[in-house]
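Step one of this worksheet: look at the structure below.
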Amino acid sequence: MKFVDFIEEKITFLLYQTSFLLLLSILLKSLEIDLSFILFLCLFFLFTNFLFLGIEFLRLTSKNKKIENLYNSLEEKYLISEVLPKSKNLENQAYYDALKIACKSMNDKISNLQKEKEEYQEYIESFVHEIKTPIAALSLVYDNQKDYELKVEIQKISNLIEQILYYARSDTTEHDYFVRSISLSDLIHNVLLEYKDYILHQKIALKIHDLENIVYTDEKWLNFILSQIIQNAIKYCKEKKKEIEIFSTNNKNNIVLTIKDNGIGIEKSDLKRVFEKGFTGSNRGQKTATGMGLYLSKKLSDRLGLNLKIFSEKDLYTKIEIIFPKNNFYQNRMSKA
């Protein structure tokens, strides 16, 4: 609150005081009181009033600051009415009661929305787990029949189902999170096995090296992130001489896992938007692209404390780096190994 605004609020009080001072001066003058005494009395009266206003302004400023600090300290801002002290001022009491009612209404609405969200997430997870069984059965049938085209379509359905599941879980990572040591070599091998049919059928050359590194994170979530990145690398490889290179670098403060394809690349203007939800790019030409893979990968990486970076040049390559920081936990585990 500015002092000028405070004075504006007190304008009625000041007008009353000024009118009273004027009438008093006229009365004293009519009684033939010395003019210097009247002038001194007026100055003293004005001084004490402004001193009183200044003290009141400081008091209100201090009180407002305490309320502001109280509000800023709350993680859930809509709970402010639960901790806000009730004012003795009648006008402020009316505002306090209105705020109390509004916050209660908001809290009830938020509780209902959270409950609905949890029920929706439970339904999605149940649906995904139920539908995986017939998908696996169909995949087995097409394996026996060696029908690659139908196998590809089944794999696409399976990938989209996985995206749905992880999208539903992406805001509650902390409830399904287990950190352990992971061999990058083993993890990459397992992910590539999922896409062996694509890789063999499209004759993609794999250059895999320097993966003898251990990282500490959640294996399930990292597996999903890698799957999304490798899917993109396979999808956007060049028509001829398709190649995907995967390697890791052990630096002083981090371990960097790099996945690089020699595909169609990404427009420079699109690079800063590739992690946006639903963004499919302007040069990819994929009608089936959802724009969710990299969005989810980035979101989950952030929640896992990993850094996801992308580099690309149109018609040359796309390179994605997953950066695993080395913290105290990592250093301690490695020293014991």
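To be explicit about the labels: the chains of the structure tokens are called A, B, and onward in the order shown, and within each one the residues are counted from 1, while ligands get numbers from 1 in the order they are shown.
Omitting range 118-133 of chain A and its sequence neighbours fewer than 4 positions away, and counting only C-alpha atoms, the residues within 12 Å are Ser111, Asn112, Leu113, Gln114, Ala137, Leu138, Ser139, Leu140, Ile154, Gln155, Ile157, Ser158, Asn159, Leu160, Ile161, Glu162, Gln163, Ile164, Leu165, Tyr166, Tyr167, Ala168, Arg169, Ser170, Asp171 and Thr172 of chain A.
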All residues 12 Å or closer to Lys277 in chain A, only C-alpha atoms, same chain fewer than 2 positions away omitted, as a PyMOL selection string
chain A and resi 167+273-275+279-281+289-299
Can you write just those residues out, N, CA, C and O atoms, as an mmCIF file, in the first residue's frame?
```cif
data_model
loop_
_atom_site.group_PDB
_atom_site.id
_atom_site.type_symbol
_atom_site.label_atom_id
_atom_site.label_comp_id
_atom_site.auth_asym_id
_atom_site.auth_seq_id
_atom_site.Cartn_x
_atom_site.Cartn_y
_atom_site.Cartn_z
ATOM 1 N N TYR A 167 0.719 -41.103 -19.988
ATOM 2 C CA TYR A 167 0.130 -39.758 -19.919
ATOM 3 C C TYR A 167 -0.758 -39.640 -18.684
ATOM 4 O O TYR A 167 -0.733 -38.631 -17.975
ATOM 5 N N ARG A 273 10.149 -26.073 -30.245
ATOM 6 C CA ARG A 273 8.764 -26.454 -29.977
ATOM 7 C C ARG A 273 8.526 -27.968 -29.938
ATOM 8 O O ARG A 273 7.411 -28.411 -29.689
ATOM 9 N N VAL A 274 9.574 -28.757 -30.179
ATOM 10 C CA VAL A 274 9.366 -30.200 -30.317
ATOM 11 C C VAL A 274 8.876 -30.870 -29.031
ATOM 12 O O VAL A 274 8.292 -31.953 -29.088
ATOM 13 N N PHE A 275 9.121 -30.244 -27.878
ATOM 14 C CA PHE A 275 8.670 -30.832 -26.621
ATOM 15 C C PHE A 275 7.296 -30.322 -26.199
ATOM 16 O O PHE A 275 6.820 -30.663 -25.115
ATOM 17 N N PHE A 279 2.671 -31.081 -30.639
ATOM 18 C CA PHE A 279 3.385 -30.474 -31.767
ATOM 19 C C PHE A 279 3.985 -31.570 -32.650
ATOM 20 O O PHE A 279 4.728 -32.423 -32.179
ATOM 21 N N THR A 280 3.667 -31.557 -33.948
ATOM 22 C CA THR A 280 4.136 -32.601 -34.865
ATOM 23 C C THR A 280 5.132 -32.075 -35.886
ATOM 24 O O THR A 280 5.631 -32.844 -36.704
ATOM 25 N N GLY A 281 5.426 -30.793 -35.872
ATOM 26 C CA GLY A 281 6.419 -30.243 -36.795
ATOM 27 C C GLY A 281 5.836 -29.884 -38.136
ATOM 28 O O GLY A 281 4.722 -30.263 -38.484
ATOM 29 N N ALA A 289 1.277 -38.954 -36.743
ATOM 30 C CA ALA A 289 2.006 -38.431 -35.588
ATOM 31 C C ALA A 289 1.049 -37.773 -34.603
ATOM 32 O O ALA A 289 0.136 -37.042 -34.995
ATOM 33 N N THR A 290 1.274 -38.043 -33.312
ATOM 34 C CA THR A 290 0.406 -37.477 -32.272
ATOM 35 C C THR A 290 1.040 -36.277 -31.585
ATOM 36 O O THR A 290 0.355 -35.500 -30.937
ATOM 37 N N GLY A 291 2.372 -36.162 -31.696
ATOM 38 C CA GLY A 291 3.053 -35.069 -31.006
ATOM 39 C C GLY A 291 3.104 -35.272 -29.498
ATOM 40 O O GLY A 291 3.360 -34.321 -28.756
ATOM 41 N N MET A 292 2.888 -36.506 -29.031
ATOM 42 C CA MET A 292 2.860 -36.775 -27.594
ATOM 43 C C MET A 292 4.132 -37.457 -27.096
ATOM 44 O O MET A 292 4.463 -37.366 -25.919
ATOM 45 N N GLY A 293 4.854 -38.153 -27.976
ATOM 46 C CA GLY A 293 6.014 -38.929 -27.554
ATOM 47 C C GLY A 293 7.092 -38.088 -26.894
ATOM 48 O O GLY A 293 7.499 -38.357 -25.760
ATOM 49 N N LEU A 294 7.562 -37.060 -27.604
ATOM 50 C CA LEU A 294 8.613 -36.209 -27.050
ATOM 51 C C LEU A 294 8.092 -35.341 -25.909
ATOM 52 O O LEU A 294 8.836 -35.031 -24.972
ATOM 53 N N TYR A 295 6.827 -34.954 -25.989
ATOM 54 C CA TYR A 295 6.224 -34.175 -24.891
ATOM 55 C C TYR A 295 6.263 -34.973 -23.592
ATOM 56 O O TYR A 295 6.697 -34.466 -22.544
ATOM 57 N N LEU A 296 5.821 -36.235 -23.651
ATOM 58 C CA LEU A 296 5.834 -37.084 -22.456
ATOM 59 C C LEU A 296 7.260 -37.393 -22.013
ATOM 60 O O LEU A 296 7.544 -37.433 -20.808
ATOM 61 N N SER A 297 8.156 -37.611 -22.970
ATOM 62 C CA SER A 297 9.546 -37.895 -22.632
ATOM 63 C C SER A 297 10.167 -36.739 -21.858
ATOM 64 O O SER A 297 10.856 -36.942 -20.854
ATOM 65 N N LYS A 298 9.911 -35.519 -22.316
ATOM 66 C CA LYS A 298 10.450 -34.343 -21.641
ATOM 67 C C LYS A 298 9.822 -34.164 -20.265
ATOM 68 O O LYS A 298 10.516 -33.875 -19.277
ATOM 69 N N LYS A 299 8.518 -34.345 -20.186
ATOM 70 C CA LYS A 299 7.819 -34.173 -18.911
ATOM 71 C C LYS A 299 8.299 -35.177 -17.874
ATOM 72 O O LYS A 299 8.569 -34.819 -16.712
#
```
Nearest to Glu149 in chain A: which of A:Tyr96, A:Ile182, A:Glu56, A:Tyr198 is it, counting only C-alpha atoms?
A:Tyr198
One decimal, Å: what's the distance from CA of Phe13 in chain A over to CA of Phe50 in chain A, could you say?
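One can read the CA of Phe13 in chain A to CA of Phe50 in chain A distance as 11.5 Å.
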Determine, counting only C-alpha atoms, which protein, DNA and RNA residues have an atom within 8 Å of an atom of Asn223 in chain A; residues of the same chain fewer than 4 positions away are not included. Present the result as a PyMOL selection string.
chain A and resi 187+191+219+227
For all heavy atoms, I'd like the residues from the last selection saved as a PDB file, in the first residue's frame.
```
ATOM      1  N   LEU A 187      19.656 -51.961 -20.751  1.00  0.00           N
ATOM      2  CA  LEU A 187      18.396 -51.253 -21.014  1.00  0.00           C
ATOM      3  C   LEU A 187      18.208 -51.005 -22.506  1.00  0.00           C
ATOM      4  O   LEU A 187      17.128 -51.254 -23.056  1.00  0.00           O
ATOM      5  CB  LEU A 187      18.370 -49.925 -20.253  1.00  0.00           C
ATOM      6  CG  LEU A 187      17.070 -49.143 -20.326  1.00  0.00           C
ATOM      7  CD1 LEU A 187      15.926 -49.931 -19.688  1.00  0.00           C
ATOM      8  CD2 LEU A 187      17.208 -47.798 -19.637  1.00  0.00           C
ATOM      9  N   VAL A 191      15.201 -52.457 -25.023  1.00  0.00           N
ATOM     10  CA  VAL A 191      14.316 -51.574 -25.798  1.00  0.00           C
ATOM     11  C   VAL A 191      14.412 -51.907 -27.279  1.00  0.00           C
ATOM     12  O   VAL A 191      13.390 -51.968 -27.984  1.00  0.00           O
ATOM     13  CB  VAL A 191      14.670 -50.088 -25.553  1.00  0.00           C
ATOM     14  CG1 VAL A 191      13.852 -49.174 -26.480  1.00  0.00           C
ATOM     15  CG2 VAL A 191      14.400 -49.708 -24.100  1.00  0.00           C
ATOM     16  N   GLU A 219      13.732 -47.450 -13.690  1.00  0.00           N
ATOM     17  CA  GLU A 219      13.907 -48.198 -14.935  1.00  0.00           C
ATOM     18  C   GLU A 219      12.665 -48.164 -15.824  1.00  0.00           C
ATOM     19  O   GLU A 219      12.753 -48.004 -17.042  1.00  0.00           O
ATOM     20  CB  GLU A 219      14.271 -49.651 -14.619  1.00  0.00           C
ATOM     21  CG  GLU A 219      14.524 -50.486 -15.870  1.00  0.00           C
ATOM     22  CD  GLU A 219      14.982 -51.897 -15.552  1.00  0.00           C
ATOM     23  OE1 GLU A 219      14.920 -52.273 -14.358  1.00  0.00           O
ATOM     24  OE2 GLU A 219      15.392 -52.616 -16.481  1.00  0.00           O
ATOM     25  N   SER A 227      11.909 -45.661 -25.392  1.00  0.00           N
ATOM     26  CA  SER A 227      11.035 -46.231 -26.426  1.00  0.00           C
ATOM     27  C   SER A 227      10.478 -45.142 -27.332  1.00  0.00           C
ATOM     28  O   SER A 227      10.439 -45.308 -28.559  1.00  0.00           O
ATOM     29  CB  SER A 227       9.878 -47.005 -25.776  1.00  0.00           C
ATOM     30  OG  SER A 227      10.354 -48.137 -25.088  1.00  0.00           O
TER      31      SER A 227
END
```
What is the CA of Lys260 in chain A to CA of Glu245 in chain A distance in Å?
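Rounded to one decimal, the two atoms are 5.1 Å apart.
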Can you check which residues of range 75-246 of chain A DSSP gives as alpha helix (DSSP H) on the backbone and send them as number ranges by chain?
A: 80-83, 90-145, 148-169, 184-194, 196-201, 219-235
Filtered DSSP result for range 152-273 of chain A, state strand (DSSP E), as a PyMOL selection string:
chain A and resi 179-183+205-209+214-218+243-250+254-261
By how many Å are CA of Leu53 in chain A and CA of Ser19 in chain A apart?
17.3 Å
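By chain and then residue number, the residues within 7 Å of range 305-307 of chain A are Ser301, Asp302, Ile322, Ile323, Phe324 and Pro325 of chain A, counting only C-alpha atoms and disregarding those fewer than 3 positions away in sequence.
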Per-residue nearest contacts range 94-206 of chain A to range 229-239 of chain A, cut-off 12 Å, using only C-alpha atoms, as CSV:
```
residue,atom,partner,partner_atom,distance
A:Val152,CA,A:Lys235,CA,11.9
A:Gln155,CA,A:Gln231,CA,10.8
A:Lys156,CA,A:Gln231,CA,9.9
A:Asn159,CA,A:Gln231,CA,9.1
A:Leu160,CA,A:Gln231,CA,11.4
A:Ile188,CA,A:Ile230,CA,9.7
A:His189,CA,A:Ile230,CA,11.8
A:Asn190,CA,A:Ile230,CA,12.0
A:Val191,CA,A:Ile230,CA,8.3
A:Leu192,CA,A:Ile230,CA,8.1
A:Leu193,CA,A:Ile230,CA,11.4
A:Glu194,CA,A:Gln231,CA,10.2
A:Tyr195,CA,A:Gln231,CA,8.1
A:Lys196,CA,A:Ile234,CA,10.7
A:Asp197,CA,A:Ile234,CA,11.2
A:Tyr198,CA,A:Ile234,CA,7.6
A:Ile199,CA,A:Ile234,CA,7.4
A:Leu200,CA,A:Ile234,CA,10.9
A:His201,CA,A:Ile234,CA,11.0
A:Gln202,CA,A:Ile234,CA,8.6
A:Lys203,CA,A:Glu239,CA,10.0
A:Ile204,CA,A:Ile234,CA,7.9
A:Ala205,CA,A:Cys237,CA,10.5
A:Leu206,CA,A:Ile234,CA,10.7
```
Considering only C-alpha atoms, return as a list in words whatever protein or nucleic-acid residues lie within 8 Å of Lys29 in chain A, sequence-local ones (same chain, fewer than 5 positions apart) excluded.
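What passes the distance filter is Asp34, Leu35 and Ile38 of chain A.
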Keeping only C-alpha atoms, write the selected residues to a file as a CSV table (one decimal), in the first residue's frame.
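Done, and the output landed in again-v2.csv:
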```
chain,number,residue,atom,x,y,z
A,34,ASP,CA,-3.8,36.0,20.0
A,35,LEU,CA,-3.3,35.1,16.3
A,38,ILE,CA,-4.2,30.2,17.1
```
